[in-house]
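Following: one structure in structure tokens, then a few remarks.
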Amino acid sequence: MVSNANSKNPQWENRFTSDEIDEMRKHRPQTLPPCPEQLLNYLNQFSDIKTLDALISQVKKRQYDFDQEFDLEWAQYSIISALRLFQGNYFPLTDQTEADMIRRVWSFIDSAFDNVNLDVRCGEKESIASSQRKNRGRSRNDRKKHGHRSDLLFKCTEGELGCAEVGKKDDGDNGSKELYELGLKCPKMMKDQLCHLIKATPHHEYSLVIAGFVMMGLKLRAVVLDRSSTYVCRIQKTPALFFPSKVETIGARLGALLALVMQVKQLLCQTLSLVNEPVPVVSQGFDNANGNEDLPFCATSP
């Protein structure tokens, strides 16, 4: 697994030449889709507004329809929810839990997917893809191992498309929890999710993308993982964006967060469409038809 952010890491430089690292970074490059122009125009209406009353007045100028103008309706709803936090003196943060942060601060991530056939589950949900990887080769007598648990899990019928991790506070880019979540737990879970989806959709193995978020306090980064070739998984991270903690920064900071979430949503929707793409009906065979699997042991009586 290669990270663009860590391409100068000595561990990579000891194993690959600079040309090889550059090839892994640039082969079948994965980029974030641009935020829809209509949504950007709407968000930019708030970027220069500095007072709470003016923001409330601006956001109430027009109502948008959920079915016909979902992006704008979602953005409007998200801005109203954020303004409510300031009206209720939610900041500065004190002893909020991770669940509080998901429910009040980062709720716009969940609601962004209300109009697509993709489920978002919160509350330390176990990743099935992670569990399957840990239990590979398990026998009847082995105790089942649990997979990684995620604060947010993006799911569809065929598998999982991403995850998100939340921390109560931001201890800086080198904080222990952030280093673990951003550099180890999320990448491992996302790779498990990608491998699981590839088994369900092998003809799209180089087009599938897994995405997620890591939030520490009021800081958010998006994480994207793809498979550029047979033996390379590539993970990329966006620069940190911050949820506004002062009224003066609501318009600009919240707008940037909403635009990023919509960009990531487009990636996940692309993966979802590939997974749901119809395939020709063919005759089926047995899993062990190639003779690579041993005959199972005779089942013992209870």
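Ordered as shown in the structure tokens, chains take letters A, B, and onward, while each chain numbers its residues from 1 and ligands are numbered from 1 in the order shown.
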Counting only C-alpha atoms, give me one row per residue of region 176-228 of chain A with an atom at most 10 Å from an atom of region 262-272 of chain A, showing the shortest contact pair and its distance in Å to one decimal, sorted by chain then residue number, as a tab-separated table.
```
residue	atom	partner	partner_atom	distance
A:Leu197	CA	A:Thr271	CA	9.5
A:His204	CA	A:Thr271	CA	9.2
A:Ser207	CA	A:Thr271	CA	7.6
A:Leu208	CA	A:Thr271	CA	5.3
A:Val209	CA	A:Thr271	CA	5.9
A:Ile210	CA	A:Leu268	CA	6.9
A:Ala211	CA	A:Leu268	CA	6.7
A:Gly212	CA	A:Val264	CA	7.9
A:Phe213	CA	A:Val264	CA	9.2
A:Ala222	CA	A:Val264	CA	7.6
A:Val223	CA	A:Val264	CA	8.9
A:Val224	CA	A:Val264	CA	8.4
```
Return as number ranges by chain the full set of residues in region 151-301 of chain A whose backbone-based DSSP assignment is strand (DSSP E). A: 151-156, 159-167, 209-216, 219-229, 232-237, 241-242
Which of region 108-224 of chain A fall in alpha helix (DSSP H), as a PyMOL selection string: chain A and resi 108-111+128-134+176-180+186-200
Just C-alpha atoms for this one: save the residues we selected as a compact mmCIF listing (two decimals), in the first residue's frame.
```txt
# COMPACT_ATOMS: atom_id res chain seq x y z
CA PHE A 108 -23.94 16.85 7.40
CA ILE A 109 -21.74 13.89 6.33
CA ASP A 110 -24.49 11.38 7.08
CA SER A 111 -27.28 13.49 5.56
CA ILE A 128 -17.67 -7.09 7.74
CA ALA A 129 -14.82 -6.82 5.23
CA SER A 130 -12.30 -6.43 8.07
CA SER A 131 -13.81 -9.38 9.93
CA GLN A 132 -13.63 -11.60 6.85
CA ARG A 133 -9.95 -10.79 6.35
CA LYS A 134 -9.13 -11.57 9.99
CA SER A 176 -1.38 9.65 18.83
CA LYS A 177 -5.02 9.02 17.93
CA GLU A 178 -4.77 10.88 14.63
CA LEU A 179 -1.60 9.04 13.63
CA TYR A 180 -3.29 5.72 14.39
CA CYS A 186 -8.57 3.60 8.30
CA PRO A 187 -6.15 2.51 5.55
CA LYS A 188 -6.26 -1.13 6.70
CA MET A 189 -10.05 -1.13 6.95
CA MET A 190 -10.42 0.60 3.58
CA LYS A 191 -8.11 -1.92 1.92
CA ASP A 192 -10.23 -4.76 3.35
CA GLN A 193 -13.33 -3.05 1.96
CA LEU A 194 -11.75 -2.62 -1.47
CA CYS A 195 -10.62 -6.27 -1.65
CA HIS A 196 -14.11 -7.40 -0.67
CA LEU A 197 -15.72 -5.25 -3.40
CA ILE A 198 -13.23 -6.50 -5.99
CA LYS A 199 -14.36 -10.07 -5.32
CA ALA A 200 -17.94 -8.99 -6.03
```
Ranking A:Glu23, A:Glu160, A:Asp226, A:Asp67 by minimum distance to Glu205 (chain A) and counting only C-alpha atoms, which one comes first?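 Among the listed residues, the smallest separation from Glu205 (chain A) belongs to A:Asp226.
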Selection near Ala256 (chain A), 10 Å with only C-alpha atoms, sequence-local residues under 2 positions removed, as a list in words: Leu40, Leu43, Asn44, Ser47, Leu241, Phe242, Phe243, Ile250, Gly251, Ala252, Arg253, Leu254, Leu258, Ala259, Leu260 and Val261 of chain A
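Residues in contact with Gln58 (chain A) at up to 12 Å, not including ones fewer than 5 positions away on its chain and judged by only C-alpha atoms, are A:Tyr42, A:Leu43, A:Asn44, A:Gln45, A:Phe46, A:Ser47, A:Asp48, A:Ile49, A:Lys50, A:Thr51, A:Leu52, A:Asp53, A:Gln63, A:Gln76, A:Ile79, A:Ile80, A:Leu83, A:Gly251.
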Please produce an output containing all heavy atoms for each residue in the selection, written as a compact mmCIF listing (two decimals), in the first residue's frame.
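And here is the file that came out, out_0.txt:
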```
# COMPACT_ATOMS: atom_id res chain seq x y z
N TYR A 42 -23.78 28.66 -4.64
CA TYR A 42 -24.63 28.85 -3.46
C TYR A 42 -23.79 29.05 -2.22
O TYR A 42 -24.04 29.97 -1.41
CB TYR A 42 -25.56 27.65 -3.29
CG TYR A 42 -26.41 27.72 -2.05
CD1 TYR A 42 -27.51 28.58 -1.98
CD2 TYR A 42 -26.12 26.93 -0.93
CE1 TYR A 42 -28.30 28.65 -0.84
CE2 TYR A 42 -26.90 27.01 0.21
CZ TYR A 42 -27.98 27.86 0.26
OH TYR A 42 -28.74 27.94 1.40
N LEU A 43 -22.77 28.23 -2.04
CA LEU A 43 -21.92 28.32 -0.84
C LEU A 43 -21.16 29.64 -0.79
O LEU A 43 -20.93 30.19 0.29
CB LEU A 43 -20.95 27.14 -0.79
CG LEU A 43 -21.58 25.75 -0.64
CD1 LEU A 43 -20.53 24.66 -0.76
CD2 LEU A 43 -22.32 25.64 0.68
N ASN A 44 -20.76 30.12 -1.95
CA ASN A 44 -20.00 31.37 -1.98
C ASN A 44 -20.84 32.59 -1.63
O ASN A 44 -20.29 33.66 -1.36
CB ASN A 44 -19.36 31.56 -3.37
CG ASN A 44 -18.09 30.75 -3.53
OD1 ASN A 44 -17.28 30.65 -2.60
ND2 ASN A 44 -17.92 30.13 -4.69
N GLN A 45 -22.16 32.43 -1.60
CA GLN A 45 -23.00 33.54 -1.14
C GLN A 45 -22.78 33.84 0.33
O GLN A 45 -23.09 34.95 0.79
CB GLN A 45 -24.48 33.19 -1.38
CG GLN A 45 -24.88 33.03 -2.83
CD GLN A 45 -26.34 32.61 -2.96
OE1 GLN A 45 -27.12 32.72 -2.03
NE2 GLN A 45 -26.70 32.11 -4.14
N PHE A 46 -22.25 32.88 1.08
CA PHE A 46 -22.07 33.04 2.53
C PHE A 46 -20.63 33.37 2.93
O PHE A 46 -20.37 33.67 4.09
CB PHE A 46 -22.50 31.76 3.25
CG PHE A 46 -23.92 31.36 3.01
CD1 PHE A 46 -24.25 30.55 1.92
CD2 PHE A 46 -24.94 31.79 3.85
CE1 PHE A 46 -25.57 30.17 1.69
CE2 PHE A 46 -26.26 31.42 3.63
CZ PHE A 46 -26.57 30.62 2.54
N SER A 47 -19.70 33.27 1.99
CA SER A 47 -18.28 33.33 2.34
C SER A 47 -17.86 34.65 2.96
O SER A 47 -16.93 34.69 3.78
CB SER A 47 -17.42 33.03 1.11
OG SER A 47 -17.70 33.97 0.07
N ASP A 48 -18.49 35.76 2.60
CA ASP A 48 -18.08 37.07 3.11
C ASP A 48 -18.98 37.60 4.23
O ASP A 48 -18.77 38.71 4.72
CB ASP A 48 -18.06 38.09 1.97
CG ASP A 48 -17.01 37.75 0.92
OD1 ASP A 48 -15.98 37.16 1.30
OD2 ASP A 48 -17.23 38.06 -0.26
N ILE A 49 -19.97 36.82 4.64
CA ILE A 49 -20.90 37.28 5.68
C ILE A 49 -20.30 37.01 7.05
O ILE A 49 -19.84 35.89 7.33
CB ILE A 49 -22.26 36.59 5.53
CG1 ILE A 49 -22.86 36.88 4.14
CG2 ILE A 49 -23.22 37.04 6.62
CD1 ILE A 49 -24.17 36.18 3.87
N LYS A 50 -20.30 38.00 7.93
CA LYS A 50 -19.57 37.91 9.20
C LYS A 50 -20.45 37.91 10.44
O LYS A 50 -19.95 37.73 11.55
CB LYS A 50 -18.57 39.07 9.31
CG LYS A 50 -17.61 39.19 8.14
CD LYS A 50 -16.69 37.98 8.03
CE LYS A 50 -15.68 38.16 6.89
NZ LYS A 50 -14.82 36.97 6.73
N THR A 51 -21.75 38.11 10.29
CA THR A 51 -22.61 38.17 11.48
C THR A 51 -23.66 37.07 11.43
O THR A 51 -24.09 36.64 10.35
CB THR A 51 -23.33 39.54 11.58
OG1 THR A 51 -24.26 39.67 10.50
CG2 THR A 51 -22.31 40.68 11.55
N LEU A 52 -24.11 36.63 12.60
CA LEU A 52 -25.07 35.55 12.70
C LEU A 52 -26.42 35.95 12.10
O LEU A 52 -27.04 35.17 11.37
CB LEU A 52 -25.24 35.15 14.17
CG LEU A 52 -25.97 33.84 14.45
CD1 LEU A 52 -25.27 32.66 13.78
CD2 LEU A 52 -26.07 33.60 15.96
N ASP A 53 -26.86 37.16 12.38
CA ASP A 53 -28.15 37.62 11.85
C ASP A 53 -28.15 37.66 10.33
O ASP A 53 -29.13 37.27 9.68
CB ASP A 53 -28.49 39.00 12.41
CG ASP A 53 -28.84 38.95 13.89
OD1 ASP A 53 -29.18 37.85 14.37
OD2 ASP A 53 -28.77 40.00 14.56
N GLN A 63 -36.35 28.52 -0.19
CA GLN A 63 -36.41 27.12 0.19
C GLN A 63 -36.16 26.25 -1.05
O GLN A 63 -36.65 26.55 -2.14
CB GLN A 63 -37.79 26.79 0.78
CG GLN A 63 -38.06 27.46 2.11
CD GLN A 63 -37.12 26.98 3.20
OE1 GLN A 63 -36.84 25.80 3.33
NE2 GLN A 63 -36.61 27.93 3.99
N GLN A 76 -28.33 23.93 2.46
CA GLN A 76 -29.14 24.85 3.26
C GLN A 76 -29.45 24.26 4.64
O GLN A 76 -29.30 24.93 5.66
CB GLN A 76 -30.43 25.18 2.52
CG GLN A 76 -31.33 26.18 3.24
CD GLN A 76 -32.61 26.43 2.47
OE1 GLN A 76 -33.32 25.50 2.09
NE2 GLN A 76 -32.90 27.70 2.20
N ILE A 79 -26.27 24.28 6.78
CA ILE A 79 -25.93 25.61 7.28
C ILE A 79 -26.86 26.00 8.43
O ILE A 79 -26.41 26.54 9.45
CB ILE A 79 -25.99 26.64 6.13
CG1 ILE A 79 -24.90 26.35 5.10
CG2 ILE A 79 -25.84 28.06 6.68
CD1 ILE A 79 -25.01 27.18 3.83
N ILE A 80 -28.15 25.71 8.29
CA ILE A 80 -29.09 26.02 9.37
C ILE A 80 -28.73 25.26 10.64
O ILE A 80 -28.76 25.81 11.75
CB ILE A 80 -30.53 25.69 8.92
CG1 ILE A 80 -30.98 26.65 7.82
CG2 ILE A 80 -31.50 25.73 10.10
CD1 ILE A 80 -32.32 26.30 7.21
N LEU A 83 -25.67 26.93 12.19
CA LEU A 83 -26.03 28.20 12.83
C LEU A 83 -26.73 27.96 14.17
O LEU A 83 -26.56 28.73 15.12
CB LEU A 83 -26.93 29.02 11.91
CG LEU A 83 -26.29 29.50 10.59
CD1 LEU A 83 -27.32 30.23 9.73
CD2 LEU A 83 -25.09 30.40 10.87
N GLY A 251 -19.15 31.21 7.15
CA GLY A 251 -19.40 31.16 5.72
C GLY A 251 -18.31 30.46 4.93
O GLY A 251 -18.58 29.55 4.15
```
Residue with smallest distance to Leu118 (chain A) - pool A:Ala240, A:Leu152, A:Leu161, A:Leu257, counting only C-alpha atoms: A:Leu161
